[in-house]
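Report on the following structure.
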Protein chains: 2
Amino acid sequence: MHTKPAVRPNCLPAHVAAEAIRCGRLTSLDLTLSCLERIEAREASVGAWCYLDRDQTIAQAREADKRQRAGGDLGVLHGLPIGIKDVFDTSDMPSEYGSPSLRGRRPTSDADAVARLRAAGAIIMGKTVTSEFGMYAHSSCRNPHDERRSPGVSSAGSAAAVADEMVPLALGTQHTASTLLPASFCGAFGFKPSFAFTSMRGSNILVPRLATVGFLTRNLDDLALFASVFAQGFKAPVEPLAPQRLGVVRGPAWDKVDADARTAFDVWLKTLPTAVVEIELPGEFASAIEVTHGLLAAHLAHRFVPMPEATQATYCAPLRTAIATGLRFRATDYLEMDAQADRLTEAARGLFASCDALITLSTLGEATLLCDGPGSGELTMPWSLAGLPTLSLPLLRGDRGLPIGVQLIGAPVDDRRLLSIAAWLTGSVCPPGPEAKQT
Amino acid sequence: MHTKPAVRPNCLPAHVAAEAIRCGRLTSLDLTLSCLERIEAREASVGAWCYLDRDQTIAQAREADKRQRAGGDLGVLHGLPIGIKDVFDTSDMPSEYGSPSLRGRRPTSDADAVARLRAAGAIIMGKTVTSEFGMYAHSSCRNPHDERRSPGVSSAGSAAAVADEMVPLALGTQHTASTLLPASFCGAFGFKPSFAFTSMRGSNILVPRLATVGFLTRNLDDLALFASVFAQGFKAPVEPLAPQRLGVVRGPAWDKVDADARTAFDVWLKTLPTAVVEIELPGEFASAIEVTHGLLAAHLAHRFVPMPEATQATYCAPLRTAIATGLRFRATDYLEMDAQADRLTEAARGLFASCDALITLSTLGEATLLCDGPGSGELTMPWSLAGLPTLSLPLLRGDRGLPIGVQLIGAPVDDRRLLSIAAWLTGSVCPPGPEAKQT
């Protein structure tokens with residue numbers, strides 16, 4: 001793909017912009033100004049940012065351009081503006097984890113993931129909105145496709161900012177659904193790599209066995225570029241790989257899936273030019289959602305009960321409920337949930353004996369109306385619990401023409417192969433436009 | 001070292017016997033028969049074995065010799081008899097975890113560690129005695145130096161069998177002290193490698209974050225040979241490495257150390273021809289013993305409470321007490337103990353910024369009289385909790401002339417370097433004989 005003069009820089013894919021900057025056809029400053037302009041035009045409607053200092057951002061971009069002119073080493077994200085979900089510590093910006101209780105908190109050092117991004121040359125554009133401590137609660141962010149609708153939780157601001165072309169890349173996290181849910185609702189590409197893909201130090205870790213980074217972009221190649229900052233062997237463009245067999249899974253909450261999403265998914269499955277088999281999930285999956293909520297509740301209780309009661313009283317309702325639930329668990333209850341998670345992880349691994357990747361939906365349907373809650377993560381929970389790499393690909397649309405993500409689940413720690421299968425999947429089929437689904 | 005005709009094969013170091021077999025100077029059958037003879041002479045006094053079938057062992061040895069004559073590939077333990085602590089599953093022998101409740105249990109497959117040893121050519125001599133499920137409880141094994149005394153827990157049979165020259169190698173495990181405590185009491189070399197050194201599948205895992213294999217031998221080079229079955233880079237003889245600085249640590253239970261052990265340790269420290277500094281343990285160590293017992297209790301309660309009450313009633317008192325304690329913990333109590341273990345692990349790593357290895361005692365003193373209990377693991381607990389590699393070296397003797405182990409603690413996952421420092425330590429100083437300590 002080549003830069004056409006007609007394309008405004010903020011609309012460029014990250015890997016294209018990176019190449020343009022490297023070749024001198026674009027400056028980081030021009031790209032950054034273009035992003036800032038988009039944000040200024042749209043932020044009042046979308047509300048994706050909780051911290052953004054125009055001067056601070058511009059200074060970083062000027063510094064990047066200066067470094068390039070001086071012939072310095074350029075990282076893979078050199079000059080690219082990036083949004084950081086506000087659950088990561090940043091040494092030069094507030095880090096409030098979406099909580100009024102942490103208003104004005106200024107950590108003294110960067111989270112490991114942020115430090116890596118800076119070292120790769122990224123321009124830290126600002127902090128993106130998250131629901132409080134990543135709970136299933138509303139934030140100030142709205143869906144860029146429809147202000148009355150949820151952008152999803154909890155990496156809402158990161159997904160909305162990327163989907164709305166405010167930045168080409170944004171960092172998120174996922175414990176249960178926090179990257180794939182907003183990716184699906186906002187129509188972004190979301191990638192939750194394998195558990196332990198990179199250090200989570202300096203971030204809001206709710207449950208150690210679930211905490212993972214998440215990447216949000218507008219195309220698959222940018223996910224590979226993003227991931228290349230943290231692990232070897234990722235390259236944009238991604239080389240497509242035709243899977244021998246794809247397994248379709250319909251998780252424990254499949255009965256809650258919207259009728260239009262179900263239809264769109266089934267129609268799409270028929271277009272796939274490869275063997276597609278329905279996989280029955282093993283019994284270990286039956287308790288996946290309950291176990292996920294239980295582990296969260298226990299860890300939230302442990303973390304937040306030592307806080308002053310007056311502080312706890314300010315927490316969002318889902319957090320207060322989870323704390324109360326967590327306090328009721330015995331140690332043996334916790335260990336049983338943890339053991340069930342181990343058994344599910346083992347069972348999930350077994351599914352890849354017969355197929356190269358699994359497919360399902362990322363969400364129950366299109367973005368929910370705000371009055372109907374922030375959205376459900378039940379379709380991604382089992383796979384996060386199993387620690388598997390997962391993607392949300394914006395390939396479907398619902399009856400209202402809003403995006404719905406296809407969730408692609410990869411074999412254990414085979415993240416690169418997952419991206420390659422996704423490249424084949426997105427290259428070999430034509431995502432239906434909104435009009436195709438108006439029937 | 002060369003094989004002298006006067007030395008009976010069962011007394012040979014494992015690496016010497018291995019070499020003699022490989023060169024055709026010794027057969028596996030002769031070595032095995034020699035070990036069997038020693039066992040027949042001593043077993044009534046020591047009680048190290050809970051399962052041993054003479055014919056089955058001899059058949060394995062004959063098979064090994066036949067394989068060698070046929071010119072087959074020979075593993076690093078080719079033809080060497082080895083004792084297996086009866087907390088590991090064996091496909092061809094009972095595996096009762098020292099518990100009457102599992103009498104006659106016959107698993108259908110080998111534990112991963114056992115499979116590795118078989119693949120390396122070892123002769124699985126039989127199963128060695130353990131206290132019930134590895135608890136701090138008496139077993140039928142006695143200290144080979146003094147029948148009235150404890151051999152330590154829980155790898156008692158493995159340590160006693162090795163120390164008494166019944167086998168050159170024996171496999172143990174350690175959660176808190178189970179390899180180093182019996183090594184110290186019996187005068188064996190004990191090595192608890194780093195956490196996650198090798199798979200524990202098919203063994204009695206009490207607490208996942210603590211479960212580690214343990215190696216018991218009569219010299220340091222044999223520990224390296226043993227470890228080479230499971231990881232790369234270990235070689236017998238071990239190349240000595242002079243440490244720049246050794247740190248002396250006196251753990252949270254140091255006030256319980258016997259006066260003679262304390263004296264022997266301090267006298268020995270003065271003989272070390274390297275910089276030795278006293279290290280004050282960080283505050284995180286204060287709760288190490290309580291946290292270890294707490295984690296054990298919680299996991300034991302989770303594991304054993306589903307068992308029928310009639311079965312639970314047969315368990316040894318320490319197990320029943322631990323279950324009752326574990327049932328009283330809340331999930332948040334468990335998570336706090338787990339978090340304290342994390343903080344201790346982090347703090348322990350920090351100690352290696354200023355020294356190459358840490359030294360302390362392995363036990364509070366010489367082997368306890370049976371009427372005084374099976375022995376305490378308080379000096380090894382913090383280091384097991386921290387997941388660090390540790391050794392017990394039989395370098396000291398107490399006032400009764402019985403062995404006391406020096407505990408050497410290595411930097412994270414630097415197991416090979418730990419053995420090299422130990423080689424320097426054991427080579428550079430002359431372990432005092434019993435008479436030297438009769439003052």
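Each chain in the structure tokens gets a letter, A, B and so on, in the order shown; residues start at 1 in every chain, and ligands are counted from 1 in the order they appear.
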
Please tabulate, as CSV, the residues of chain B that come within 7 Å of chain A, each with its closest pair of atoms and the distance in Å to one decimal, counting only C-alpha atoms and ordering rows by chain, then residue number upward.
```
residue,atom,partner,partner_atom,distance
B:Ala298,CA,A:Ala331,CA,6.2
B:Ala301,CA,A:Thr332,CA,6.6
B:His302,CA,A:Thr332,CA,4.8
B:Leu327,CA,A:Thr332,CA,6.8
B:Phe329,CA,A:Ala331,CA,5.4
B:Arg330,CA,A:Arg330,CA,4.0
B:Ala331,CA,A:Ala331,CA,3.8
B:Thr332,CA,A:His302,CA,4.8
B:Tyr334,CA,A:Ala331,CA,5.6
B:Leu335,CA,A:His302,CA,6.6
B:Glu336,CA,A:His302,CA,7.0
```

Residue set, segment 136-377 of chain A restricted to alpha helix (DSSP H), as an MDAnalysis selection string: chainID A and resid 156:163 180:186 220:227 259:270 288:304 309:312 317:328 331:350

Give me a file of those residues, with C-alpha atoms, as a tab-separated table (two decimals), in the first residue's frame.
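As a result, part_3.tsv now contains:
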```tsv
chain	number	residue	atom	x	y	z
A	156	ALA	CA	-13.10	1.58	25.70
A	157	GLY	CA	-11.06	4.69	25.00
A	158	SER	CA	-8.30	2.75	23.25
A	159	ALA	CA	-10.74	0.98	20.92
A	160	ALA	CA	-12.80	4.10	20.24
A	161	ALA	CA	-9.73	6.27	19.58
A	162	VAL	CA	-8.34	3.78	17.09
A	163	ALA	CA	-11.67	3.09	15.37
A	180	LEU	CA	-11.93	-7.97	22.34
A	181	LEU	CA	-15.25	-6.61	23.60
A	182	PRO	CA	-14.50	-2.94	22.77
A	183	ALA	CA	-12.78	-4.01	19.53
A	184	SER	CA	-15.99	-5.79	18.51
A	185	PHE	CA	-18.27	-2.91	19.53
A	186	CYS	CA	-16.12	-0.22	17.91
A	220	LEU	CA	-4.15	-6.87	11.00
A	221	ASP	CA	-0.69	-5.83	9.84
A	222	ASP	CA	-0.62	-3.11	12.47
A	223	LEU	CA	-1.28	-5.73	15.15
A	224	ALA	CA	1.88	-7.52	14.01
A	225	LEU	CA	3.86	-4.26	14.06
A	226	PHE	CA	2.52	-3.56	17.56
A	227	ALA	CA	3.36	-7.06	18.83
A	259	ALA	CA	-30.37	-13.43	16.48
A	260	ASP	CA	-28.84	-11.07	13.90
A	261	ALA	CA	-25.31	-11.77	15.14
A	262	ARG	CA	-25.95	-15.50	14.99
A	263	THR	CA	-27.24	-15.21	11.42
A	264	ALA	CA	-24.37	-12.99	10.29
A	265	PHE	CA	-21.90	-15.46	11.80
A	266	ASP	CA	-23.49	-18.51	10.16
A	267	VAL	CA	-23.72	-16.79	6.77
A	268	TRP	CA	-20.07	-15.80	7.04
A	269	LEU	CA	-18.98	-19.31	8.05
A	270	LYS	CA	-20.45	-20.65	4.80
A	288	ALA	CA	-15.88	-20.93	32.88
A	289	ILE	CA	-17.92	-17.77	33.39
A	290	GLU	CA	-18.71	-18.46	37.03
A	291	VAL	CA	-15.07	-19.30	37.73
A	292	THR	CA	-13.88	-16.12	36.01
A	293	HIS	CA	-16.25	-13.95	38.06
A	294	GLY	CA	-15.28	-15.85	41.21
A	295	LEU	CA	-11.54	-15.38	40.73
A	296	LEU	CA	-12.12	-11.69	40.05
A	297	ALA	CA	-14.25	-11.29	43.18
A	298	ALA	CA	-11.71	-13.02	45.43
A	299	HIS	CA	-8.81	-10.93	44.16
A	300	LEU	CA	-10.80	-7.70	44.25
A	301	ALA	CA	-11.80	-8.39	47.86
A	302	HIS	CA	-8.17	-9.05	48.79
A	303	ARG	CA	-6.99	-5.90	47.09
A	304	PHE	CA	-9.63	-3.40	48.06
A	309	GLU	CA	-14.43	2.45	54.02
A	310	ALA	CA	-15.02	6.00	52.82
A	311	THR	CA	-12.92	5.21	49.75
A	312	GLN	CA	-14.69	1.91	49.12
A	317	ALA	CA	-21.44	-0.69	42.01
A	318	PRO	CA	-19.92	-3.70	40.16
A	319	LEU	CA	-16.70	-3.31	42.16
A	320	ARG	CA	-18.52	-3.05	45.49
A	321	THR	CA	-20.61	-6.11	44.65
A	322	ALA	CA	-17.54	-8.09	43.65
A	323	ILE	CA	-15.74	-7.19	46.89
A	324	ALA	CA	-18.73	-8.37	48.93
A	325	THR	CA	-18.86	-11.63	46.97
A	326	GLY	CA	-15.13	-12.19	47.29
A	327	LEU	CA	-15.25	-11.80	51.07
A	328	ARG	CA	-17.67	-14.70	51.30
A	331	ALA	CA	-9.66	-20.35	50.78
A	332	THR	CA	-10.83	-23.77	49.62
A	333	ASP	CA	-13.47	-22.15	47.36
A	334	TYR	CA	-10.75	-20.06	45.79
A	335	LEU	CA	-8.46	-23.04	45.28
A	336	GLU	CA	-11.29	-25.00	43.72
A	337	MET	CA	-11.96	-22.18	41.23
A	338	ASP	CA	-8.25	-21.98	40.49
A	339	ALA	CA	-8.14	-25.76	39.96
A	340	GLN	CA	-11.15	-25.53	37.64
A	341	ALA	CA	-9.30	-22.86	35.67
A	342	ASP	CA	-6.33	-25.24	35.41
A	343	ARG	CA	-8.57	-28.02	34.16
A	344	LEU	CA	-10.24	-25.74	31.63
A	345	THR	CA	-6.81	-24.61	30.41
A	346	GLU	CA	-5.78	-28.22	29.92
A	347	ALA	CA	-9.06	-29.08	28.17
A	348	ALA	CA	-8.77	-26.01	25.91
A	349	ARG	CA	-5.31	-27.08	24.78
A	350	GLY	CA	-6.73	-30.42	23.76
```

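Separating atom CA of Glu366 of chain A from atom CA of Leu402 of chain A is a distance of 5.9 Å.
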
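Residues of segment 171-306 of chain A carrying a DSSP assignment of strand (DSSP E or B), computed from the backbone, are Leu171, Gly172, Thr173, Gln174, Phe189, Gly190, Phe191, Lys192, Ser203, Thr212, Val213, Gly214, Phe215, Leu216, Thr217, Arg245, Leu246, Gly247, Val248, Val249, Ala275, Val276, Val277, Glu278 and Ile279 of chain A.
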
Contacts of Ile359 of chain A within 10 Å, only C-alpha atoms, excl. fewer than 6 positions in-chain, as a VMD selection string: chain A and resid 246 to 250 265 269 276 to 279 390 to 392 406 to 410

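Of the listed residues (A:Gly283, A:Gln244, A:Lys85, A:Gly427), A:Lys85 comes nearest to Leu216 of chain A; the distances count only C-alpha atoms.
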
Give me the residues within 10 Å of Arg62 of chain B as an mmCIF file with C-alpha atoms, in the first residue's frame, counting only C-alpha atoms and dropping any in the same chain fewer than 6 places off.
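As a result, out09.cif now contains:
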```cif
data_model
loop_
_atom_site.group_PDB
_atom_site.id
_atom_site.type_symbol
_atom_site.label_atom_id
_atom_site.label_comp_id
_atom_site.auth_asym_id
_atom_site.auth_seq_id
_atom_site.Cartn_x
_atom_site.Cartn_y
_atom_site.Cartn_z
ATOM 1 C CA THR B 27 28.197 -54.657 35.015
ATOM 2 C CA SER B 28 24.902 -53.197 36.045
ATOM 3 C CA LEU B 29 24.043 -56.607 37.454
ATOM 4 C CA ASP B 30 27.103 -56.673 39.734
ATOM 5 C CA THR B 32 22.719 -53.966 41.517
ATOM 6 C CA GLN B 68 24.960 -52.470 26.299
ATOM 7 C CA GLY B 79 22.809 -49.297 34.663
ATOM 8 C CA ILE B 123 17.521 -49.144 37.238
#
```

Length of the atom CA of Leu379 of chain A to atom CA of Leu393 of chain A vector [Å]: 14.1 Å

Selection near Ser131 of chain A, 10 Å with only C-alpha atoms, sequence-local residues under 2 positions removed, as number ranges by chain: A: 86-87, 97-99, 129, 133-141, 152-157, 178, 316, 374

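Going from atom CA of Thr217 of chain B to atom CA of Leu77 of chain B covers 13.3 Å.
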